[in-house]
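Have a look at the structure below before the remarks.
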Amino acid sequence: MSVVDRQEWDVVVVGAGGAGLRAAIEARERGARTAVICKSLFGKAHTVMAEGGIAAAMANANEHDSWQVHFRDTMRGGKFLNQWRMAELHAQEAPQRVWELETWGALFDRTKDGRISQRNFGGHEYPRLAHVGDRTGLELIRTLQQKIVSLQQQDHRETGDYESRLKVFQECTVTRVLKDGSRVSGVFAYERESGRFFVLEAPSVVIATGGIGKSFKVTSNSWEYTGDGHALALLAGAPLLNMEFVQFHPTGMVWPPSVKGILVTESVRGDGGVLRNSEGKRFMFDYVPDVFKEKYAESEEEGDRWYEDPDHNRRPPELLPRDEVARAINSEVKAGRGSPHGGVFLDVSTRMPADVIKRRLPSMYHQFKELADVDITAEAMEVGPTCHYVMGGIAVDSDSAAARGVPGLYAAGEVAGGMHGSNRLGGNSLSDLLVFGRRAGLHAAEYAASLAFERPAVDDDQVDSAAAEALRPFSAEGPAPGEEDGRPPENPYTLHQELQQAMNDLVGIIRREAEMAQALEKLADLRVRARRAGVEGHRQFNPGWHLALDLRNMLLVSECVARAALERTESRGGHTREDHPAMERTWRNINLLCRLTDPTGGLAATDPVRGQIALTRETTDPIRADLLALFDKEELVKYLAEEELYE
Ligand code: FAD
């Protein structure tokens, strides 16, 4: 019988980034006693790093903007693979979520007449990103935290306890979602500092753990992004959707090596920055694909005029969606026209006065000055693609954010799949977090209330096996059960590095069948070796132990990415196949779902060692007619399959 500490809540939110905090606020406001649990310090989630802004069709900078135009841009950016109902809700509700933030104290940059300022970003027809310089995520998290504190103060006035209805457990990692039959019953977690185990019992669990970027060597993502939420959902029996779609942001730092991958915000291009190769050529004009030809400038002069007069000129191709720009940079470097350190040049110094650069891009100015000794007001930056965002994620219901097949499980933010299709537009993540964070919190609270008199029970055996699983790295001194070869324990850090290198080299920005097959072999080998991932010492202050536990998640998620990428024999958005370079209309309405199965083929296996990733195809729901009517027929012909057009 387990002696692990337990607490009862109505809703547990795993993750305290934008999605998690917005979900927690909503759940608490709907009357649910809500716990938030996060791996890092409260306020230090990945969302803090977001720079450019929040996309919302508020029409402050161009009166022609509307939710319909935002919906269109999002679908085009995602190459029509988006879960269209999510894209619709997102475009409709994003402005309300931004205005709401303002009422909670967010201080956005303003236009001359005092409205929230909005900036240009790739793939957005109009200036649409509400921003705070290039530190928008920081303001977003600060505001949500402040709202949480104000709710806690309200609770203190009523109950005498700040944490009676809303409590944050920081620096704690969830390793398992617990279940009562098919329903969620809580989570198993440990304190990172002390190693103490505990259980939060709850009928509703919202997963808001962000992305998977740490499975790739060159990434803009921080240490937290080890795909935990994706793996937690898989292990709980929920499928992952379209995991092949990983976004490589076109502009990460390439030099010095210690900072390779750190993001250079798209605002640099949105505010006028241009890309040049080693010959000084603005090469993006050579890379405008047919589907976007009518929307982008054909000459530098027209592109430059657009910044001043967007109604009578077309936008420069530096502002194409990210997947297009990343591939173009990759091709230039491959053709030998790259910068000295293997990137291309991104220049604002010849485009704006120094004081404007420092005012509009303060973080970029300091980032390059301090990390690379480059003054971006006087010289060009060197940039190249970096793994940035995962479009694939937990398969959810569009309206309620409920994870498929597991009652009580919800997902929002980067960990949820579907909203962005095959490629996310910049700025659409922060708005996604707020729109679907709120929806997840709302529905999780309602579901918990509906079970007030029949709450699911936590199963002691599951708690014991979760504890045993977490302790396993301390006893990995010899061969794992069933593997009597006597090999020594493996170093978790080395396994992380090998995994990151393999994903980077074999399932990266340009993919080939043979390399992905090789990646799957490597992952299978790493999975076996990870069973021997051993650590010394004890549970207190033990970073090696955390790495060993993260490995399970990284391996599961990486395998989903590699399997789905191998299966999709076309190129679309964040998935580029050298052996299948065209976007195929026949793939437009096909989703790929990954599940963890047991070796005999049964679903909902919970064993990460012996379970296998099984892939199934699923046809998407037809796009609603009134939404299709927002596009010209000639444009739809480029994307939709023959039978969809006919219907
Ligand atoms: P996060 O903010 O990452 O929060 C995840 C939370 O989950 C964290 O609290 C973490 O501690 C917790 N967690 C993870 N695993 C566990 C576990 N096992 N147990 C407990 N807790 C766990 N998007 C935009 O729209 N506009 C931008 O301008 C923009 N700029 C960006 C700049 C950078 C440098 C980067 C990297 C991304 C940027 N993005 C931007 C993308 C956007 O920031 C992210 O997609 C978004 O913040 C993800 O938010 P989230 O709430 O889903 O997750």
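Lettering and numbering for the structure tokens are positional, with chains as A, B, ... in the shown order, residues counted from 1 in each chain, and ligands counted from 1 in the shown order.
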Residues of chain A at most 6 Å from ligand 1: nearest atom pair and distance in Å, only C-alpha atoms and all ligand atoms, as a tab-separated table:
residue	atom	partner	partner_atom_place_in_ligand_line	distance
A:Val14	CA	ligand 1	21 (N)	5.1
A:Gly15	CA	ligand 1	7 (O)	3.1
A:Ala16	CA	ligand 1	9 (O)	3.7
A:Gly17	CA	ligand 1	2 (O)	3.3
A:Gly18	CA	ligand 1	51 (O)	4.0
A:Ala19	CA	ligand 1	51 (O)	3.8
A:Gly20	CA	ligand 1	51 (O)	5.5
A:Ile37	CA	ligand 1	20 (C)	5.4
A:Cys38	CA	ligand 1	21 (N)	3.4
A:Lys39	CA	ligand 1	11 (O)	3.6
A:Ser40	CA	ligand 1	11 (O)	4.4
A:Ala45	CA	ligand 1	9 (O)	4.3
A:His46	CA	ligand 1	3 (O)	3.6
A:Thr47	CA	ligand 1	47 (O)	3.1
A:Met49	CA	ligand 1	34 (C)	4.7
A:Ala50	CA	ligand 1	30 (N)	3.1
A:Glu51	CA	ligand 1	28 (O)	3.9
A:Gly52	CA	ligand 1	28 (O)	3.3
A:Gly53	CA	ligand 1	28 (O)	4.3
A:Ile54	CA	ligand 1	25 (O)	5.3
A:Cys172	CA	ligand 1	20 (C)	5.8
A:Thr173	CA	ligand 1	19 (N)	3.6
A:Val174	CA	ligand 1	19 (N)	3.9
A:Thr175	CA	ligand 1	18 (N)	5.8
A:Ala208	CA	ligand 1	52 (O)	5.3
A:Thr209	CA	ligand 1	7 (O)	3.3
A:Gly210	CA	ligand 1	53 (O)	3.5
A:Ser220	CA	ligand 1	36 (C)	4.9
A:Asn221	CA	ligand 1	36 (C)	4.7
A:Glu224	CA	ligand 1	14 (C)	5.6
A:Asp228	CA	ligand 1	18 (N)	4.8
A:Leu263	CA	ligand 1	34 (C)	4.9
A:His388	CA	ligand 1	36 (C)	6.0
A:Gly413	CA	ligand 1	52 (O)	3.6
A:Glu414	CA	ligand 1	52 (O)	4.0
A:Val415	CA	ligand 1	52 (O)	5.9
A:Gly426	CA	ligand 1	25 (O)	5.5
A:Gly427	CA	ligand 1	25 (O)	3.1
A:Asn428	CA	ligand 1	25 (O)	4.5
A:Ser429	CA	ligand 1	25 (O)	3.5
A:Leu430	CA	ligand 1	25 (O)	3.8
A:Leu433	CA	ligand 1	51 (O)	5.8
Secondary structure check, strand (DSSP E) residues of region 347-426 of chain A, as a PyMOL selection string
chain A and resi 347+381-390+393-394+409-411
Using only C-alpha atoms: which of A:Ala416, A:Val374, A:Ile509, A:Ala335 has the shortest distance to Val246 (chain A)
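The answer is A:Ile509, which sits nearest to Val246 (chain A).
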Return the single residue from A:Ile207, A:Ser150, A:Cys560, A:Leu371 that is closest to Leu241 (chain A), with distances computed using only C-alpha atoms.
A:Cys560
Using backbone DSSP assignments, extract all alpha helix (DSSP H) residues from region 241-338 of chain A; output them as a PyMOL selection string.
chain A and resi 267-270+300-308+322-334
Deliver the residues from the most recent selection as a file, using C-alpha atoms, as a PDB file, in the first residue's frame.
ATOM      1  CA  SER A 267       9.747  40.912 -35.756  1.00  0.00           C
ATOM      2  CA  VAL A 268      13.151  41.743 -37.245  1.00  0.00           C
ATOM      3  CA  ARG A 269      11.725  40.913 -40.677  1.00  0.00           C
ATOM      4  CA  GLY A 270       8.270  42.238 -39.780  1.00  0.00           C
ATOM      5  CA  GLU A 300      12.607  44.818 -54.024  1.00  0.00           C
ATOM      6  CA  GLU A 301      11.074  48.208 -54.801  1.00  0.00           C
ATOM      7  CA  GLU A 302       7.516  46.911 -54.471  1.00  0.00           C
ATOM      8  CA  GLY A 303       8.375  44.993 -51.303  1.00  0.00           C
ATOM      9  CA  ASP A 304       9.904  48.109 -49.757  1.00  0.00           C
ATOM     10  CA  ARG A 305       6.942  50.296 -50.729  1.00  0.00           C
ATOM     11  CA  TRP A 306       4.617  47.869 -48.917  1.00  0.00           C
ATOM     12  CA  TYR A 307       5.929  48.935 -45.504  1.00  0.00           C
ATOM     13  CA  GLU A 308       4.592  52.460 -46.134  1.00  0.00           C
ATOM     14  CA  ARG A 322       8.219  30.234 -41.752  1.00  0.00           C
ATOM     15  CA  ASP A 323       8.470  26.871 -43.497  1.00  0.00           C
ATOM     16  CA  GLU A 324       9.092  28.581 -46.841  1.00  0.00           C
ATOM     17  CA  VAL A 325      11.767  30.913 -45.478  1.00  0.00           C
ATOM     18  CA  ALA A 326      13.524  28.123 -43.549  1.00  0.00           C
ATOM     19  CA  ARG A 327      13.729  25.933 -46.661  1.00  0.00           C
ATOM     20  CA  ALA A 328      15.028  28.852 -48.739  1.00  0.00           C
ATOM     21  CA  ILE A 329      17.828  29.562 -46.251  1.00  0.00           C
ATOM     22  CA  ASN A 330      18.688  25.875 -46.175  1.00  0.00           C
ATOM     23  CA  SER A 331      18.951  25.824 -49.983  1.00  0.00           C
ATOM     24  CA  GLU A 332      21.167  28.934 -50.120  1.00  0.00           C
ATOM     25  CA  VAL A 333      23.579  27.492 -47.573  1.00  0.00           C
ATOM     26  CA  LYS A 334      23.630  24.149 -49.381  1.00  0.00           C
TER      27      LYS A 334
END
In Å, rounded to a single decimal, give me how far CA of Gly392 (chain A) is from CA of Thr586 (chain A).
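Separating CA of Thr586 (chain A) from CA of Gly392 (chain A) is a distance of 19.6 Å.
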